[in-house]
Amino acid sequence: MLILMRAELYRMATIRSSWVSIALFGFVAAAFGVLDANWWALFAGVGAFGISVLTVAQHYQHRTIALLYLARPQRLPVLFAQVLTTVAVGWVLAALSGITALLRWGGGTYRHTLIVVPVMAVFGAAAAAIVRRASWLLIGFAVWIVVVEGLIGKLDGELPISAYLDAARGDMFGLEVFIFWAVATLAAAVPFLNRDLSSD
Amino acid sequence: MIETIELTKAYGKVRAVDELSFTALPGRVTGFLGLNGSGKTTTLRMLLGLTRPTGGAALIDGRPFTGLKRPLRAVGAVLEQGISHPGQSGRAHLVTQAMSAGASRARVDLLLDQVGLTDAADQRTGDYSLGMRQRLAVATALLGEPPVLILDEPANGLDPSGVAWLRELLRSYAHAGGTVLISSHLLAELAQLIDDVVIIANGRLRHEGPLAGLYGMTTGRVLMRGRDPGRLRDALRRAGAEVAGDETLEIDGLSAAEAGEVAFAAGVPVHELLTDTPNLEQIFLELAGT
C-alpha cells in the first residue's frame with residue numbers, strides 16, 4: 001500500500017500541470033479564506049474532491065490504469081492506495097490554504113474542515129472509480145451543487161455537499177451524514193472495479 | 001509458457017473470442033495474427049487480466065495473470081501503442097512504473113539507453129513521436145526482466161530501423177529462453193521474426209503451428225504465355241487442367257513441367273512458364289479472411 005502511495009505521489013509530483021493546478025487552487029482558496037471562513041471550507045472541499053477525481057480518473061483517461069493493473073493486478077488495494085494518496089494531498093492542501101482563514105477567523109472552521117476534508121477525498125476518489133471520466137464527474141458535481149443542493153435544497157438537507165458544509169461548521173450530525181455518503185460511494189465503487197478496461 | 005484453453009469473450013450475443021485454445025512456448029517467438037477486429041487485442045487483454053473472460057482460461061506459466069505474485073517480474077506487456085501520461089517525462093514514467101511494481105529503479109537509465117531514448121528521457125512523453133512511445137512501451141515491458149513478453153502490434157509507428165531493432169531484441173530474448181507472443185495484422189511484418197504462428201478469424205483459431213508449416217498448406221498454380229493461347233488452352237484442358245485467363249493462362253491441376261510437355265506436344269511455342277507460389281501474406285489472408 002505504501003509503495004503504491006509513494007508511486008502515486010511521485011507521479012503527481014512529476015506532472016507539472018498537476019502540481020501547478022493544485023498550487024493555483026490553493027492560492028484561490030486561501031484568498032477566499034480572508035473573506036469568509038465558510039467560503040474557504042467550501043473551496044477546501046471542492047479542492048479535495050477535484051484532486052481525488054483527477055488522480056483516479058486521469059488513469060482511465062490516459063489509460064495508465066492498465067499499467068497500474070499490470071503492476072498490481074489486485075484492484076482493491078490499488079483503489080485504497082489512490083484513496084489514501086488523495087486524502088493526504090487534499091488534507092495538506094486544505095491545511096496550507098486555510099492558514100489565512102485560521103489567522104483571520106480563528107480555529108473553529110479550520111479545525112472542523114480539516115476533519116471532514118479527508119472524507120471528501122474518499123467520496124471523490126470513489127465516485128471517480130465508478131464514473132471513470134473526470135470531465136463528466138466535475139461538471140456533474142458543479143451542476144449538483146448549484147442546482148440540486150443549492151437552488152432546490154438550499155444547502156439545507158442531508159445531501160453530500162450540504163452535509164459537508166454542516167460538518168465544516170462543526171455539526172457532528174453533518175459529519176456522520178457525509179461519512180455515510182462517502183462510505184456508501186466507496187462500497188458502490190468496489191464491484192465496479194472489476195469492469196473491463198476499454199482499450200480506447 | 002502462455003496458454004489459452006477454450007478462451008471465450010462474449011459481448012451480448014457477439015463472441016469476440018470464441019473457445020480459443022493455443023500455446024506459446026518458451027524459447028520461441030509466436031506470432032498472433034488476425035485481421036483487424038478478429039479478437040487479437042481482446043485475447044491479449046484477457047491474458048493480462050485487463051478483460052474478464054466469459055469462459056475458458058488464459059494462463060501464464062500455468063496461472064491466470066491475476067494469480068501471479070510479482071506480475072511485472074513474470075510478464076512484460078506492450079499495449080496500445082505506448083501508454084503514458086503525456087505530461088510526464090519518459091524517465092519519470094519508467095520510475096513511476098518501477099515504483100508501482102516494487103521493482104528496482106536502477107534499470108531505468110539502462111533501459112532508456114537500450115531503447116535509444118536517453119537523449120529524450122527528460123522530454124514530456126506527449127511530445128514523443130509514435131515510434132518513441134513504442135520504444136518507451138518496450139522499455140516499460142522490460143523493467144522487471146520478465147521471462148514472458150506479450151506485445152500488441154508493437155511495430156506500429158516504428159520506422160524500418162526501429163522494426164529491425166525490435167526484431168533483434170525479441171529474437172535475442174527468445175534465444176535466451178524467453179516466451180514472446182506478438183500480435184499483428186500483417187504477417188509480412190513478422191515473417192522474419194517469428195518461429196510459430198497462431199492465426200485467428202472472428203475470434204476462432206484458424207491455424208496454429210510452426211511458420212514453416214504455412215508454406216506447405218497450398219500448392220502453386222502455373223502461369224503460361226505462348227504464341228497461340230487458344231490452342232494452348234484447348235490442349236491443356238484436354239490434359240485435365242482447369243485454365244483461366246486470356247493472354248496469360250492460369251493453370252490449375254498440372255505442374256509447370258507437365259504444362260510445358262503439353263505445349264510441346266501441341267506444337268505451340270511457349271514464351272513464358274512459371275509457378276506462381278502464393279506468398280505468406282496470401283496464405284495468411286486466405287486463412288484469416290475466412
# chains A, B, ... in the order shown; residues from 1 in each chain; ligands from 1
$ interface_residues --of "chain B" --to "chain A" --cutoff "8 Å" --atoms "only C-alpha atoms" --output "ChimeraX atom specification"
/B:48-52,65-66,70-72,80,83-89,92-93,96-97,99-102
$ write_last_selection --atoms "C-alpha atoms" --output "PDB file, in the first residue's frame"
ATOM      1  CA  LEU B  48      -3.121  -9.775 -18.932  1.00  0.00           C
ATOM      2  CA  GLY B  49      -6.116  -9.706 -16.616  1.00  0.00           C
ATOM      3  CA  LEU B  50      -7.456  -6.425 -18.009  1.00  0.00           C
ATOM      4  CA  THR B  51     -10.571  -8.011 -19.505  1.00  0.00           C
ATOM      5  CA  ARG B  52     -12.529 -10.793 -17.840  1.00  0.00           C
ATOM      6  CA  PHE B  65      -2.303 -13.223 -14.600  1.00  0.00           C
ATOM      7  CA  THR B  66      -4.167 -12.044 -11.500  1.00  0.00           C
ATOM      8  CA  ARG B  70       5.089 -10.455  -8.860  1.00  0.00           C
ATOM      9  CA  PRO B  71       3.446  -9.901 -12.234  1.00  0.00           C
ATOM     10  CA  LEU B  72       5.911  -7.364 -13.596  1.00  0.00           C
ATOM     11  CA  GLU B  80      -1.963   0.253 -27.397  1.00  0.00           C
ATOM     12  CA  ILE B  83       0.615   4.119 -22.703  1.00  0.00           C
ATOM     13  CA  SER B  84       1.912   7.023 -20.631  1.00  0.00           C
ATOM     14  CA  HIS B  85       0.714  10.280 -19.108  1.00  0.00           C
ATOM     15  CA  PRO B  86       1.550  12.921 -21.733  1.00  0.00           C
ATOM     16  CA  GLY B  87       2.673  15.366 -19.045  1.00  0.00           C
ATOM     17  CA  GLN B  88       5.273  13.019 -17.604  1.00  0.00           C
ATOM     18  CA  SER B  89       8.792  12.602 -18.949  1.00  0.00           C
ATOM     19  CA  ALA B  92       9.588   9.749 -14.712  1.00  0.00           C
ATOM     20  CA  HIS B  93       7.167   7.353 -16.413  1.00  0.00           C
ATOM     21  CA  THR B  96       6.712   5.559 -11.563  1.00  0.00           C
ATOM     22  CA  GLN B  97       6.137   2.150 -13.119  1.00  0.00           C
ATOM     23  CA  MET B  99       7.882   2.112  -8.007  1.00  0.00           C
ATOM     24  CA  SER B 100       4.354   0.792  -8.593  1.00  0.00           C
ATOM     25  CA  ALA B 101       5.682  -2.688  -9.202  1.00  0.00           C
ATOM     26  CA  GLY B 102       8.188  -2.564  -6.375  1.00  0.00           C
TER      27      GLY B 102
END
$ residues_around --residues "B:Gln134" --least-positions-apart "5" --cutoff "12 Å" --atoms "only C-alpha atoms" --output "number ranges by chain"
B: 77-84, 90, 115-117, 125, 128-129, 139-141, 151-159, 162-163, 165-166
$ write_last_selection --atoms "C-alpha atoms" --output "PDB file, in the first residue's frame"
ATOM      1  CA  ALA B  77       3.486  -6.156 -21.952  1.00  0.00           C
ATOM      2  CA  VAL B  78       3.289  -3.590 -24.718  1.00  0.00           C
ATOM      3  CA  LEU B  79      -0.241  -2.332 -25.245  1.00  0.00           C
ATOM      4  CA  GLU B  80      -1.963   0.253 -27.397  1.00  0.00           C
ATOM      5  CA  GLN B  81       0.999   1.970 -28.972  1.00  0.00           C
ATOM      6  CA  GLY B  82       2.582   3.061 -25.747  1.00  0.00           C
ATOM      7  CA  ILE B  83       0.615   4.119 -22.703  1.00  0.00           C
ATOM      8  CA  SER B  84       1.912   7.023 -20.631  1.00  0.00           C
ATOM      9  CA  GLY B  90       9.955   9.228 -20.235  1.00  0.00           C
ATOM     10  CA  VAL B 115      15.687   1.560 -26.365  1.00  0.00           C
ATOM     11  CA  GLY B 116      17.533   4.636 -27.614  1.00  0.00           C
ATOM     12  CA  LEU B 117      15.680   7.246 -25.580  1.00  0.00           C
ATOM     13  CA  THR B 125       6.006  11.831 -23.485  1.00  0.00           C
ATOM     14  CA  TYR B 128       7.181  11.898 -28.292  1.00  0.00           C
ATOM     15  CA  SER B 129       6.613  10.518 -31.781  1.00  0.00           C
ATOM     16  CA  ALA B 139      11.335  -0.302 -22.017  1.00  0.00           C
ATOM     17  CA  THR B 140       8.351  -0.412 -19.626  1.00  0.00           C
ATOM     18  CA  ALA B 141       7.735  -4.051 -20.517  1.00  0.00           C
ATOM     19  CA  LEU B 151       3.232  -7.332 -27.354  1.00  0.00           C
ATOM     20  CA  ASP B 152       0.172  -5.927 -29.124  1.00  0.00           C
ATOM     21  CA  GLU B 153       1.205  -4.629 -32.545  1.00  0.00           C
ATOM     22  CA  PRO B 154       4.497  -3.206 -31.244  1.00  0.00           C
ATOM     23  CA  ALA B 155       5.852  -2.390 -34.695  1.00  0.00           C
ATOM     24  CA  ASN B 156       3.134   0.209 -35.370  1.00  0.00           C
ATOM     25  CA  GLY B 157       4.781   3.577 -35.807  1.00  0.00           C
ATOM     26  CA  LEU B 158       8.334   2.230 -35.879  1.00  0.00           C
ATOM     27  CA  ASP B 159      10.490   3.185 -38.831  1.00  0.00           C
ATOM     28  CA  GLY B 162      13.086   0.609 -35.372  1.00  0.00           C
ATOM     29  CA  VAL B 163      11.486  -2.570 -36.722  1.00  0.00           C
ATOM     30  CA  TRP B 165      15.882  -3.101 -33.679  1.00  0.00           C
ATOM     31  CA  LEU B 166      12.711  -4.665 -32.281  1.00  0.00           C
TER      32      LEU B 166
END
$ residues_around --residues "A:Gly98" --least-positions-apart "2" --cutoff "8 Å" --atoms "only C-alpha atoms" --output "list in words"
Ala29, Ala30, Gly33, Trp40, Ala44, Ala94, Ala95, Leu96, Thr100, Ala101, Leu102 and Tyr110 of chain A
$ closest_residue --among "A:Val28, A:Ile51, A:Leu79, A:Ala37" --to "A:Ile130" --atoms "only C-alpha atoms"
A:Leu79
$ atom_distance --atom1 "atom CA of A:Gly150" --atom2 "atom CA of A:Leu165"
11.8 Å
$ residues_around --residues "B:Arg167" --least-positions-apart "5" --cutoff "9 Å" --atoms "only C-alpha atoms" --output "PyMOL selection string"
chain B and resi 162+172+190+192-193
$ write_last_selection --atoms "N, CA and C atoms" --output "PDB file, in the first residue's frame"
ATOM      1  N   GLY B 162      13.736   0.973 -36.622  1.00  0.00           N
ATOM      2  CA  GLY B 162      13.086   0.609 -35.372  1.00  0.00           C
ATOM      3  C   GLY B 162      12.558  -0.813 -35.421  1.00  0.00           C
ATOM      4  N   SER B 172      16.729 -12.104 -29.665  1.00  0.00           N
ATOM      5  CA  SER B 172      17.703 -12.412 -28.613  1.00  0.00           C
ATOM      6  C   SER B 172      16.980 -12.793 -27.319  1.00  0.00           C
ATOM      7  N   LEU B 190       6.007  -9.773 -39.640  1.00  0.00           N
ATOM      8  CA  LEU B 190       6.570 -10.684 -38.639  1.00  0.00           C
ATOM      9  C   LEU B 190       7.324 -11.859 -39.243  1.00  0.00           C
ATOM     10  N   GLN B 192       9.974 -12.471 -40.733  1.00  0.00           N
ATOM     11  CA  GLN B 192      11.408 -12.674 -40.467  1.00  0.00           C
ATOM     12  C   GLN B 192      11.705 -12.849 -38.984  1.00  0.00           C
ATOM     13  N   LEU B 193      10.665 -12.741 -38.158  1.00  0.00           N
ATOM     14  CA  LEU B 193      10.880 -12.729 -36.715  1.00  0.00           C
ATOM     15  C   LEU B 193      10.362 -13.985 -36.024  1.00  0.00           C
TER      16      LEU B 193
END
$ residues_around --residues "stretch 152-161 of chain A" --least-positions-apart "2" --cutoff "8 Å" --atoms "only C-alpha atoms" --output "ChimeraX atom specification"
/A:145,147-150,163-165,174,177-178,181
$ residues_around --residues "B:Val197" --least-positions-apart "5" --cutoff "6 Å" --atoms "only C-alpha atoms" --output "CSV table (one decimal) with C-alpha atoms, in the first residue's frame"
chain,number,residue,atom,x,y,z
B,30,THR,CA,5.0,-16.8,-31.6
B,31,GLY,CA,3.1,-14.5,-34.0
B,208,GLU,CA,-1.5,-23.0,-35.2
B,209,GLY,CA,1.9,-24.3,-35.8
B,210,PRO,CA,5.5,-23.5,-37.0
B,211,LEU,CA,5.7,-20.7,-39.5
$ select_by_dssp --residues "stretch 57-246 of chain B" --states "strand (DSSP E or B)" --output "number ranges by chain"
B: 57-60, 63, 75-78, 89, 124, 148-152, 179-184, 196-201, 204-210, 221-226, 242-244
$ closest_residue --among "A:Ala57, A:Leu24, A:Ala129, A:Ala142" --to "A:Leu76" --atoms "only C-alpha atoms"
A:Ala129
$ atom_distance --atom1 "atom CA of B:Thr275" --atom2 "atom CA of B:Arg221"
5.8 Å
$ closest_residue --among "B:Pro147, B:Gly203, B:Gly56, B:Gly267" --to "B:Ala235" --atoms "only C-alpha atoms"
B:Gly267
$ closest_residue --among "B:Lys9, B:Arg45, B:Arg133, B:Arg171" --to "B:Gly27" --atoms "only C-alpha atoms"
B:Arg171
$ select_by_dssp --residues "stretch 18-199 of chain A" --states "helix (DSSP H, G or I)" --output "PyMOL selection string"
chain A and resi 18-35+37-61+64-71+75-97+99-105+108-131+134-152+160-168+172-192
$ atom_distance --atom1 "atom CA of B:Thr54" --atom2 "atom CA of B:Ala137"
28.5 Å
